[in-house]
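Dropping model_14.txt in here (compact mmCIF, C-alpha atoms):
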# COMPACT_ATOMS: atom_id res chain seq x y z
CA MET N 1 102.14 96.93 22.23
CA GLU N 2 104.25 99.08 24.60
CA THR N 3 107.91 99.52 23.85
CA PRO N 4 110.44 99.30 26.73
CA GLU N 5 111.10 103.03 26.34
CA LEU N 6 107.40 103.91 26.65
CA LYS N 7 107.02 101.63 29.66
CA ALA N 8 110.01 103.25 31.34
CA GLU N 9 108.56 106.72 30.74
CA LYS N 10 105.22 105.64 32.24
CA ASP N 11 107.01 104.35 35.30
CA GLY N 12 108.72 107.70 35.71
CA VAL N 13 112.16 106.45 34.62
CA SER N 14 113.56 107.95 31.43
CA ASP N 15 115.58 105.99 28.86
CA THR N 16 118.68 108.03 29.74
CA GLU N 17 118.26 107.29 33.41
CA SER N 18 117.85 103.59 32.70
CA LYS N 19 121.12 103.55 30.77
CA VAL N 20 122.98 105.46 33.45
CA ASP N 21 121.78 103.12 36.16
CA SER N 22 122.20 99.96 34.11
CA GLY N 23 125.31 99.07 36.11
CA VAL N 24 123.35 98.86 39.37
CA PRO N 25 122.17 95.33 40.11
CA GLU N 26 118.42 95.10 40.64
CA VAL N 27 117.04 94.09 44.00
CA PRO N 28 114.73 91.06 43.79
CA VAL N 29 111.07 92.12 43.83
CA PRO N 30 109.30 90.64 46.89
CA PRO N 31 106.09 88.69 46.22
CA ASP N 32 102.67 90.17 46.92
CA ASP N 33 101.76 89.24 50.49
CA THR N 34 98.27 90.76 50.61
CA PRO N 35 96.16 88.56 52.93
CA GLU N 36 94.20 85.95 51.00
CA VAL N 37 90.95 87.11 52.65
CA LEU N 38 91.39 90.59 51.16
CA ASN N 39 92.39 89.18 47.77
CA LYS N 40 89.17 87.15 47.61
CA ALA N 41 86.94 89.95 48.91
CA LEU N 42 88.36 92.47 46.43
CA SER N 43 88.85 90.12 43.48
CA GLY N 44 86.15 91.82 41.38
CA LEU N 45 87.73 95.28 41.58
CA SER N 46 90.26 96.89 39.29
CA SER N 47 93.87 97.01 40.52
CA ARG N 48 93.48 100.76 41.24
CA TRP N 49 90.46 100.33 43.51
CA LYS N 50 91.81 97.11 45.01
CA ASN N 51 94.96 98.98 46.08
CA TRP N 52 92.78 101.79 47.46
CA TRP N 53 90.81 99.40 49.68
CA VAL N 54 93.88 97.46 50.82
CA ARG N 55 95.68 100.68 51.77
CA GLY N 56 92.57 102.00 53.51
CA ILE N 57 91.94 98.89 55.60
CA LEU N 58 95.58 98.54 56.62
CA THR N 59 95.77 102.28 57.41
CA LEU N 60 92.82 101.99 59.81
CA ALA N 61 94.51 98.97 61.42
CA MET N 62 97.76 100.90 61.90
CA ILE N 63 95.94 103.94 63.34
CA SER N 64 94.13 101.66 65.80
CA PHE N 65 97.45 100.14 66.84
CA PHE N 66 98.88 103.64 67.28
CA PHE N 67 96.05 104.58 69.66
CA PHE N 68 96.59 101.34 71.57
CA ILE N 69 100.31 101.95 72.21
CA ILE N 70 99.55 105.54 73.29
CA TYR N 71 97.17 104.06 75.86
CA LEU N 72 99.94 101.75 77.12
CA GLY N 73 102.11 104.74 78.04
CA PRO N 74 105.49 106.32 77.33
CA MET N 75 107.65 103.27 78.11
CA VAL N 76 105.86 101.19 75.48
CA LEU N 77 106.12 104.08 73.02
CA MET N 78 109.89 104.16 73.50
CA MET N 79 110.14 100.41 72.90
CA ILE N 80 108.05 100.76 69.73
CA VAL N 81 110.36 103.54 68.50
CA LEU N 82 113.34 101.24 69.07
CA CYS N 83 111.65 98.37 67.22
CA VAL N 84 110.74 100.63 64.28
CA GLN N 85 114.32 101.92 64.17
CA ILE N 86 115.74 98.39 64.02
CA LYS N 87 113.28 97.34 61.29
CA CYS N 88 114.03 100.43 59.17
CA PHE N 89 117.76 99.79 59.53
CA HIS N 90 117.24 96.15 58.56
CA GLU N 91 115.29 97.10 55.41
CA ILE N 92 117.94 99.54 54.16
CA ILE N 93 120.88 97.25 54.97
CA THR N 94 119.07 94.33 53.32
CA ILE N 95 118.85 96.33 50.08
CA GLY N 96 122.61 96.88 50.18
CA TYR N 97 123.23 93.21 50.85
CA SER N 98 120.81 92.12 48.10
CA VAL N 99 122.59 94.36 45.60
CA TYR N 100 126.16 93.38 46.48
CA HIS N 101 125.90 89.92 48.07
CA SER N 102 127.29 88.31 44.90
CA TYR N 103 130.64 89.90 45.69
CA HIS N 104 130.81 87.99 48.99
CA LEU N 105 131.91 91.01 50.98
CA PRO N 106 133.32 89.73 54.29
CA TRP N 107 131.64 90.83 57.51
CA PHE N 108 129.36 93.39 55.84
CA ARG N 109 126.12 92.51 57.65
CA THR N 110 127.89 91.58 60.90
CA LEU N 111 129.70 94.92 61.07
CA SER N 112 126.53 96.82 60.09
CA TRP N 113 124.63 95.38 63.05
CA TYR N 114 127.62 95.87 65.32
CA PHE N 115 127.74 99.59 64.45
CA LEU N 116 123.98 99.79 65.09
CA LEU N 117 124.57 98.33 68.56
CA CYS N 118 127.40 100.80 69.26
CA VAL N 119 125.41 103.86 68.20
CA ASN N 120 122.35 102.79 70.19
CA TYR N 121 124.52 102.16 73.24
CA PHE N 122 125.88 105.69 72.95
CA PHE N 123 122.54 107.45 72.43
CA TYR N 124 120.52 105.48 74.97
CA GLY N 125 123.33 105.80 77.49
CA GLU N 126 123.21 109.59 77.05
CA THR N 127 119.44 109.51 77.53
CA VAL N 128 119.63 107.41 80.70
CA THR N 129 122.29 109.71 82.17
CA ASP N 130 120.26 112.80 81.30
CA TYR N 131 116.75 111.74 82.37
CA PHE N 132 117.52 109.14 85.06
CA PHE N 133 120.30 111.04 86.80
CA THR N 134 119.21 110.30 90.38
CA LEU N 135 118.82 106.57 89.68
CA VAL N 136 122.22 106.45 87.99
CA GLN N 137 123.92 108.16 90.94
CA ARG N 138 122.20 105.82 93.38
CA GLU N 139 123.46 102.59 91.78
CA GLU N 140 127.25 102.16 91.81
CA PRO N 141 127.54 100.10 88.56
CA LEU N 142 125.37 102.61 86.68
CA ARG N 143 127.36 105.52 88.11
CA ILE N 144 130.63 104.02 86.83
CA LEU N 145 129.13 103.27 83.40
CA SER N 146 127.76 106.82 83.25
CA LYS N 147 131.06 108.39 84.20
CA TYR N 148 132.99 106.56 81.48
CA HIS N 149 130.09 106.23 79.03
CA ARG N 150 131.60 108.21 76.17
CA PHE N 151 134.97 106.50 76.47
CA ILE N 152 133.29 103.07 76.41
CA SER N 153 131.20 104.11 73.39
CA PHE N 154 134.28 105.33 71.54
CA ALA N 155 136.17 102.11 72.37
CA LEU N 156 133.29 100.02 71.02
CA TYR N 157 133.17 102.03 67.79
CA LEU N 158 136.93 101.89 67.43
CA THR N 159 136.79 98.09 67.69
CA GLY N 160 134.31 97.97 64.81
CA PHE N 161 136.47 100.37 62.80
CA CYS N 162 139.52 98.15 63.23
CA MET N 163 137.47 95.07 62.31
CA PHE N 164 136.41 96.79 59.08
CA VAL N 165 140.01 97.66 58.18
CA LEU N 166 141.09 94.07 58.83
CA SER N 167 138.26 92.75 56.62
CA LEU N 168 139.37 94.72 53.53
CA VAL N 169 139.98 92.52 50.48
CA LYS N 170 142.25 93.80 47.74
CA LYS N 171 139.92 93.30 44.79
CA HIS N 172 136.90 94.83 46.61
CA TYR N 173 138.40 97.93 48.28
CA ARG N 174 136.12 100.46 46.58
CA LEU N 175 132.98 98.40 47.09
CA GLN N 176 133.73 97.82 50.76
CA PHE N 177 134.17 101.53 51.35
CA TYR N 178 130.86 102.12 49.53
CA MET N 179 129.14 99.81 52.00
CA PHE N 180 130.97 101.36 54.96
CA GLY N 181 129.53 104.71 53.91
CA TRP N 182 126.13 103.07 53.28
CA THR N 183 126.02 101.79 56.84
CA HIS N 184 127.00 105.12 58.40
CA VAL N 185 124.54 107.17 56.36
CA THR N 186 121.83 104.70 57.37
CA LEU N 187 122.80 105.13 61.02
CA LEU N 188 122.65 108.92 60.61
CA ILE N 189 119.21 108.84 59.00
CA VAL N 190 117.57 106.17 61.14
CA VAL N 191 119.23 105.95 64.58
CA THR N 192 120.01 109.62 65.19
CA GLN N 193 116.53 110.78 64.29
CA SER N 194 114.76 108.03 66.23
CA HIS N 195 116.79 109.20 69.23
CA LEU N 196 115.35 112.69 68.67
CA ILE N 197 111.84 111.20 68.67
CA ILE N 198 112.44 109.86 72.17
CA HIS N 199 113.75 113.25 73.31
CA ASN N 200 110.57 114.85 71.96
CA LEU N 201 108.54 112.30 73.91
CA PHE N 202 110.22 113.31 77.18
CA GLU N 203 109.09 116.92 76.58
CA GLY N 204 105.50 115.72 76.75
CA MET N 205 103.52 113.13 74.82
CA ILE N 206 101.80 115.90 72.86
CA TRP N 207 105.15 116.70 71.19
CA PHE N 208 105.31 113.06 70.11
CA ILE N 209 101.69 112.46 69.08
CA VAL N 210 100.81 115.70 67.27
CA PRO N 211 103.82 115.73 64.87
CA ILE N 212 103.36 112.05 64.02
CA SER N 213 99.62 112.61 63.52
CA CYS N 214 100.35 115.60 61.26
CA VAL N 215 102.47 113.44 58.96
CA ILE N 216 99.91 110.61 58.99
CA CYS N 217 97.06 113.02 58.23
CA ASN N 218 99.00 114.68 55.42
CA ASP N 219 99.89 111.31 53.92
CA ILE N 220 96.27 110.14 54.00
CA MET N 221 94.67 113.37 52.81
CA ALA N 222 97.23 113.95 50.04
CA TYR N 223 96.52 110.42 48.83
CA MET N 224 92.74 110.97 49.01
CA PHE N 225 92.79 114.32 47.20
CA GLY N 226 95.25 112.97 44.65
CA PHE N 227 93.22 109.79 44.09
CA PHE N 228 89.93 111.58 43.42
CA PHE N 229 91.02 114.98 42.05
CA GLY N 230 94.67 114.54 41.00
CA ARG N 231 95.45 115.75 37.48
CA THR N 232 98.69 117.76 37.64
CA PRO N 233 101.96 115.87 38.34
CA LEU N 234 103.95 117.32 41.23
CA ILE N 235 107.47 115.87 40.90
CA LYS N 236 109.11 113.40 38.53
CA LEU N 237 110.57 111.32 41.38
CA SER N 238 107.02 110.36 42.38
CA PRO N 239 104.82 110.38 39.26
CA LYS N 240 101.68 109.53 41.28
CA LYS N 241 102.04 112.65 43.47
CA THR N 242 99.91 115.57 42.24
CA TRP N 243 99.55 119.27 43.02
CA GLU N 244 95.90 118.68 43.90
CA GLY N 245 96.90 116.13 46.53
CA PHE N 246 99.72 118.32 47.82
CA ILE N 247 97.51 121.42 48.27
CA GLY N 248 94.49 119.50 49.58
CA GLY N 249 96.67 117.64 52.07
CA PHE N 250 98.19 120.93 53.25
CA PHE N 251 94.89 122.58 54.24
CA ALA N 252 93.37 119.37 55.63
CA THR N 253 96.45 118.76 57.80
CA ILE N 254 96.42 122.27 59.29
CA VAL N 255 92.72 122.02 60.21
CA PHE N 256 93.15 118.53 61.67
CA CYS N 257 96.24 119.39 63.75
CA VAL N 258 94.74 122.58 65.18
CA MET N 259 91.67 120.59 66.27
CA LEU N 260 93.74 117.70 67.64
CA SER N 261 95.94 120.15 69.58
CA TYR N 262 92.85 121.74 71.15
CA VAL N 263 91.63 118.37 72.38
CA MET N 264 94.98 117.11 73.69
CA ALA N 265 96.10 120.38 75.33
CA GLY N 266 93.36 120.00 77.93
CA TYR N 267 94.80 116.79 79.41
CA ARG N 268 97.82 116.67 81.73
CA TYR N 269 98.60 113.15 80.56
CA PHE N 270 99.56 114.56 77.17
CA VAL N 271 101.09 117.94 78.02
CA CYS N 272 103.23 117.18 81.08
CA PRO N 273 106.87 116.15 80.58
CA VAL N 274 107.56 112.45 81.00
CA GLU N 275 109.64 112.11 84.17
CA PHE N 276 111.05 109.17 86.07
CA ASN N 277 109.84 108.85 89.67
CA ASN N 278 112.72 107.54 91.77
CA ASP N 279 110.46 106.58 94.67
CA SER N 280 108.20 104.32 92.61
CA ASN N 281 110.84 103.48 89.95
CA SER N 282 108.33 104.26 87.21
CA PHE N 283 107.45 106.98 84.73
CA GLN N 284 105.00 109.66 85.79
CA VAL N 285 103.12 112.26 83.77
CA ASP N 286 101.78 114.85 86.20
CA CYS N 287 102.44 118.57 86.56
CA GLU N 288 100.88 122.01 86.58
CA PRO N 289 100.45 122.77 82.85
CA SER N 290 102.59 125.64 81.58
CA GLU N 291 101.15 128.74 79.91
CA LEU N 292 101.58 126.96 76.61
CA PHE N 293 98.66 124.70 77.57
CA GLN N 294 96.35 127.26 79.20
CA LEU N 295 93.51 128.91 77.29
CA GLN N 296 94.08 132.55 76.36
CA ASP N 297 92.10 135.20 74.51
CA TYR N 298 93.40 136.31 71.12
CA ALA N 299 92.07 139.35 69.24
CA LEU N 300 90.88 138.57 65.72
CA PRO N 301 91.98 140.66 62.71
CA SER N 302 89.34 143.13 61.54
CA ILE N 303 88.66 141.10 58.38
CA LEU N 304 87.84 137.94 60.35
CA GLU N 305 85.92 139.98 62.90
CA SER N 306 83.64 141.36 60.20
CA VAL N 307 83.02 137.85 58.84
CA THR N 308 82.50 135.95 62.12
CA GLY N 309 81.21 138.72 64.36
CA TRP N 310 83.70 137.69 67.07
CA THR N 311 86.21 140.11 68.55
CA THR N 312 88.31 137.48 70.32
CA VAL N 313 88.83 133.74 70.23
CA ARG N 314 90.03 131.45 73.04
CA LEU N 315 92.90 129.19 72.04
CA TYR N 316 95.75 127.28 73.61
CA PRO N 317 99.10 128.85 72.64
CA PHE N 318 100.17 125.35 71.58
CA GLN N 319 97.58 125.54 68.79
CA ILE N 320 99.57 128.40 67.27
CA HIS N 321 102.67 126.22 67.36
CA SER N 322 100.68 123.34 65.83
CA ILE N 323 100.19 125.47 62.70
CA ALA N 324 103.98 125.61 62.31
CA LEU N 325 104.25 121.85 62.89
CA SER N 326 101.48 120.99 60.42
CA SER N 327 102.86 123.40 57.82
CA PHE N 328 106.26 121.69 57.99
CA ALA N 329 104.62 118.26 57.82
CA SER N 330 102.70 119.31 54.69
CA ILE N 331 105.29 121.37 52.81
CA VAL N 332 108.73 120.05 53.77
CA GLY N 333 107.83 116.63 55.20
CA PRO N 334 106.91 115.12 51.81
CA PHE N 335 110.48 115.76 50.65
CA GLY N 336 111.49 112.93 52.98
CA GLY N 337 109.23 110.74 50.85
CA PHE N 338 110.67 112.18 47.62
CA PHE N 339 114.17 111.41 48.91
CA ALA N 340 113.11 107.84 49.62
CA SER N 341 111.55 107.60 46.14
CA GLY N 342 114.82 108.70 44.57
CA PHE N 343 116.68 106.10 46.62
CA LYS N 344 114.30 103.33 45.53
CA ARG N 345 114.50 104.37 41.89
CA ALA N 346 118.28 104.25 42.08
CA PHE N 347 118.00 100.54 42.91
CA LYS N 348 114.93 99.85 40.73
CA ILE N 349 112.64 98.81 43.59
CA LYS N 350 109.07 99.82 44.35
CA ASP N 351 109.21 99.55 48.16
CA PHE N 352 111.81 99.02 50.86
CA ALA N 353 110.08 95.77 51.83
CA ASN N 354 106.64 94.16 51.77
CA THR N 355 106.00 94.17 55.52
CA ILE N 356 102.64 96.00 55.25
CA PRO N 357 100.44 95.00 52.27
CA GLY N 358 99.58 98.02 50.12
CA HIS N 359 102.09 100.20 51.97
CA GLY N 360 105.45 98.49 51.50
CA GLY N 361 107.99 98.35 54.30
CA ILE N 362 108.19 100.13 57.64
CA MET N 363 110.68 102.60 56.11
CA ASP N 364 108.10 103.47 53.45
CA ARG N 365 105.78 104.66 56.24
CA PHE N 366 108.45 106.48 58.24
CA ASP N 367 110.44 108.26 55.52
CA CYS N 368 108.72 111.56 56.39
CA GLN N 369 108.52 110.92 60.14
CA TYR N 370 112.29 111.05 60.66
CA LEU N 371 112.56 114.46 58.99
CA MET N 372 109.65 115.66 61.10
CA ALA N 373 111.30 114.42 64.31
CA THR N 374 114.41 116.49 63.64
CA PHE N 375 112.34 119.61 62.97
CA VAL N 376 110.32 119.18 66.18
CA ASN N 377 113.47 118.72 68.26
CA VAL N 378 115.05 121.86 66.77
CA TYR N 379 111.75 123.75 67.16
CA ILE N 380 111.47 122.87 70.86
CA ALA N 381 115.09 123.84 71.51
CA SER N 382 114.71 127.14 69.63
CA PHE N 383 111.25 128.38 70.65
CA ILE N 384 109.91 126.34 73.58
CA ARG N 385 112.44 124.93 76.01
CA GLY N 386 113.93 127.16 78.68
CA PRO N 387 116.40 126.48 81.49
CA ASN N 388 115.47 123.40 83.53
CA PRO N 389 116.00 124.02 87.30
CA THR N 390 115.53 120.32 88.09
CA LYS N 391 118.52 119.28 85.96
CA VAL N 392 120.65 122.08 87.40
CA ILE N 393 119.90 120.90 90.96
CA GLN N 394 120.67 117.28 89.98
CA GLN N 395 124.08 118.33 88.67
CA LEU N 396 124.77 120.42 91.79
CA LEU N 397 123.97 117.47 94.07
CA ALA N 398 126.55 115.37 92.21
CA LEU N 399 129.36 117.83 93.12
CA ARG N 400 131.63 117.61 96.13
CA ALA N 401 130.60 119.45 99.31
CA ASP N 402 133.22 122.17 98.89
CA GLN N 403 132.10 122.77 95.30
CA GLN N 404 128.47 123.01 96.39
CA LEU N 405 129.42 125.50 99.12
CA HIS N 406 131.35 127.63 96.63
CA ILE N 407 128.37 127.76 94.28
CA PHE N 408 126.06 128.60 97.20
CA ASN N 409 128.23 131.55 98.28
CA SER N 410 128.54 132.79 94.70
CA LEU N 411 124.77 132.59 94.18
CA LYS N 412 124.12 134.31 97.52
CA ALA N 413 126.46 137.18 96.64
CA HIS N 414 124.78 137.54 93.25
CA LEU N 415 121.29 137.69 94.79
CA ILE N 416 122.39 140.28 97.37
CA GLU N 417 123.94 142.37 94.62
CA LYS N 418 120.69 142.23 92.66
CA GLY N 419 118.71 143.22 95.76
CA LEU N 420 116.69 139.99 95.71
CA LEU N 421 117.97 138.23 98.81
CA PRO N 422 116.82 140.84 101.39
CA ALA N 423 113.36 140.73 99.86
CA LEU N 424 113.34 136.96 100.17
CA GLU N 425 114.51 137.17 103.82
CA GLU N 426 111.78 139.71 104.71
CA ALA N 427 109.16 137.51 103.08
CA ALA N 428 110.40 134.54 105.11
CA ALA N 429 110.25 136.62 108.31
Would you encode the structure as structure tokens?
Amino acid sequence: METPELKAEKDGVSDTESKVDSGVPEVPVPPDDTPEVLNKALSGLSSRWKNWWVRGILTLAMISFFFFIIYLGPMVLMMIVLCVQIKCFHEIITIGYSVYHSYHLPWFRTLSWYFLLCVNYFFYGETVTDYFFTLVQREEPLRILSKYHRFISFALYLTGFCMFVLSLVKKHYRLQFYMFGWTHVTLLIVVTQSHLIIHNLFEGMIWFIVPISCVICNDIMAYMFGFFFGRTPLIKLSPKKTWEGFIGGFFATIVFCVMLSYVMAGYRYFVCPVEFNNDSNSFQVDCEPSELFQLQDYALPSILESVTGWTTVRLYPFQIHSIALSSFASIVGPFGGFFASGFKRAFKIKDFANTIPGHGGIMDRFDCQYLMATFVNVYIASFIRGPNPTKVIQQLLALRADQQLHIFNSLKAHLIEKGLLPALEEAAA
């Protein structure tokens, strides 16, 4: 018969750790909500293989749903990102409430959702002002809201801050400040990074789909390699993770993402920036693809040339960038999952929720995606994005006439000094 100490070691929690965390109330374990049809169909299998089939079937269902929302277009994708953000926030806040609800903290959940509303108002307001500038300037109410957007956002947050101070109860000061910090860290992890996902989407759907697919592929292939070949534990936080799964997932993810990038880079629907058409009041995805999405010849190293017999290979430059994206998804991305595992172990829970049978909650599926979104946004800003003439012109058109004339004269003098303006005039003649 297993002792409690042996059981704790098998679960990846040492006796020392159990004692240290003994003061943390446990979150109630949600019941198994695997569909009855699957339970009956897989009743003859061991728990290991039953979990494998449940995860596999639900994974295929989620991938199918992902393809469906891609087909529906960028607006639906943005709404899905918002819904996922809200659900992830709900799962994390619910854990905090489940742990500390016995203390009857006043206004904890109300203020948490209020701060979520404030932060979303700020971020989405910034996005609307940035990407829908012409529409905002055309409508007087939107123009006023845009002009004072940051002041309104600050006033909303300040109201919530004052409400929190007024809700402080003498015997629960420390606990209330714990939960105040809990809410703000959750906002930082969930809301800020989901906002970056939407920014990546506006750069082109390929910058949204490929990174997400890299993480999904790595998650699946690491699980597959670990399930069939795993022998060597990778990290104590996640005892089921193995070096075999980690390495196998790495190479499989790179191959998959390079191939996926080759397919997607040939379609304007995926590579063109998502822009708002003011004439039709709708999103449009149409442009002349940049050099990043045009096939080019690359010379092979002599070693590969001797093996393949090829001197050059034709690739999209984006495929080179996809290697960086897939490498991050395979090497650094899993640390988002390890972080989530540490969080769950701190509160003695297996999953954030039981929304998806065999997978846990939505946050369990997106713990790596948020880290990936931040990397992609930084990567685009550092290595891809250049000055955007369209946004510069939009800002110029919002200036007064005398300001526009001053900029025009300054630009004209600069071009004459550089010797470019006469050339332009001769070409026009």
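Here atom CA of Cys287 of chain N is placed at a distance of 27.3 Å from atom CA of Leu420 of chain N.
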Computed interatomic separation between atom CA of His149 of chain N and atom CA of Glu126 of chain N (Å):
7.9 Å
Near segment 200-218 of chain N, 12 Å: segment 86-166 of chain N residue rows, closest pairs, all atoms listed in the file, as a Markdown table:
| residue | atom | partner | partner_atom | distance |
| --- | --- | --- | --- | --- |
| N:Thr127 | CA | N:Phe202 | CA | 10.0 |
| N:Val128 | CA | N:Phe202 | CA | 11.7 |
| N:Asp130 | CA | N:Phe202 | CA | 10.9 |
| N:Tyr131 | CA | N:Phe202 | CA | 8.5 |
| N:Phe132 | CA | N:Phe202 | CA | 11.5 |
Could you list, with a cut-off of 10 Å and counting all atoms listed in the file, the residues of segment 227-289 of chain N near segment 316-326 of chain N, each shown with its nearest atom pair and the distance in Å rounded to one decimal, rows sorted by chain and ascending number, as JSON lines?
{"residue": "N:Phe250", "atom": "CA", "partner": "N:Ser326", "partner_atom": "CA", "distance": 7.9}
{"residue": "N:Phe251", "atom": "CA", "partner": "N:Ser326", "partner_atom": "CA", "distance": 9.2}
{"residue": "N:Ala252", "atom": "CA", "partner": "N:Ser326", "partner_atom": "CA", "distance": 9.6}
{"residue": "N:Thr253", "atom": "CA", "partner": "N:Ser326", "partner_atom": "CA", "distance": 6.1}
{"residue": "N:Ile254", "atom": "CA", "partner": "N:Ser326", "partner_atom": "CA", "distance": 5.3}
{"residue": "N:Val255", "atom": "CA", "partner": "N:Ile323", "partner_atom": "CA", "distance": 8.6}
{"residue": "N:Phe256", "atom": "CA", "partner": "N:Ser326", "partner_atom": "CA", "distance": 8.8}
{"residue": "N:Cys257", "atom": "CA", "partner": "N:Ser322", "partner_atom": "CA", "distance": 6.3}
{"residue": "N:Val258", "atom": "CA", "partner": "N:Gln319", "partner_atom": "CA", "distance": 5.5}
{"residue": "N:Met259", "atom": "CA", "partner": "N:Gln319", "partner_atom": "CA", "distance": 8.1}
{"residue": "N:Leu260", "atom": "CA", "partner": "N:Gln319", "partner_atom": "CA", "distance": 8.8}
{"residue": "N:Ser261", "atom": "CA", "partner": "N:Gln319", "partner_atom": "CA", "distance": 5.7}
{"residue": "N:Tyr262", "atom": "CA", "partner": "N:Gln319", "partner_atom": "CA", "distance": 6.5}
{"residue": "N:Val263", "atom": "CA", "partner": "N:Tyr316", "partner_atom": "CA", "distance": 9.9}
{"residue": "N:Met264", "atom": "CA", "partner": "N:Phe318", "partner_atom": "CA", "distance": 10.0}
{"residue": "N:Ala265", "atom": "CA", "partner": "N:Tyr316", "partner_atom": "CA", "distance": 7.1}
{"residue": "N:Gly266", "atom": "CA", "partner": "N:Tyr316", "partner_atom": "CA", "distance": 8.8}
{"residue": "N:Val271", "atom": "CA", "partner": "N:Phe318", "partner_atom": "CA", "distance": 9.9}
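Between Asp297 of chain N and the residues N:Ile189, N:Leu158, N:Val313, N:Ile63, the shortest atom-to-atom distance, using all atoms listed in the file, involves N:Val313.
With distances restricted to only C-alpha atoms, N:Gln369 is the closest residue to Gly337 of chain N from N:Tyr114, N:Pro289, N:Gln369, N:Phe227.
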Return as JSON the centre and edge lengths, in Å with one decimal, of the box along x, y and z that encloses every atom of segment 327-337 of chain N in the file, padded by 6 Å per side.
{"center_x": 107.1, "center_y": 117.1, "center_z": 54.3, "size_x": 20.8, "size_y": 24.7, "size_z": 19.3}
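For the atom pair formed by atom CA of Leu405 of chain N and atom CA of Val136 of chain N, the distance is 23.2 Å, given to one decimal.
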Out of N:Glu244, N:Glu140, N:Glu291, N:Asp367, which residue has the shortest atom-to-atom distance to Ile384 of chain N when counting all atoms listed in the file?
N:Glu291
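Checking N:Thr355, N:Thr308, N:Gln404, N:Gln193 one by one against Phe375 of chain N, counting only C-alpha atoms, you find the shortest gap at N:Gln193.
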Within 10 Å of segment 70-93 of chain N, which residues of segment 223-298 of chain N come that close, and what is the closest atom pair and distance in Å for each? Count all atoms listed in the file and give it as JSON lines.
{"residue": "N:Tyr269", "atom": "CA", "partner": "N:Gly73", "partner_atom": "CA", "distance": 9.5}
{"residue": "N:Phe270", "atom": "CA", "partner": "N:Ile70", "partner_atom": "CA", "distance": 9.8}
{"residue": "N:Val274", "atom": "CA", "partner": "N:Pro74", "partner_atom": "CA", "distance": 7.4}
{"residue": "N:Glu275", "atom": "CA", "partner": "N:Pro74", "partner_atom": "CA", "distance": 9.9}
{"residue": "N:Ser282", "atom": "CA", "partner": "N:Met75", "partner_atom": "CA", "distance": 9.2}
{"residue": "N:Phe283", "atom": "CA", "partner": "N:Met75", "partner_atom": "CA", "distance": 7.6}
{"residue": "N:Gln284", "atom": "CA", "partner": "N:Pro74", "partner_atom": "CA", "distance": 9.1}
{"residue": "N:Val285", "atom": "CA", "partner": "N:Pro74", "partner_atom": "CA", "distance": 9.1}
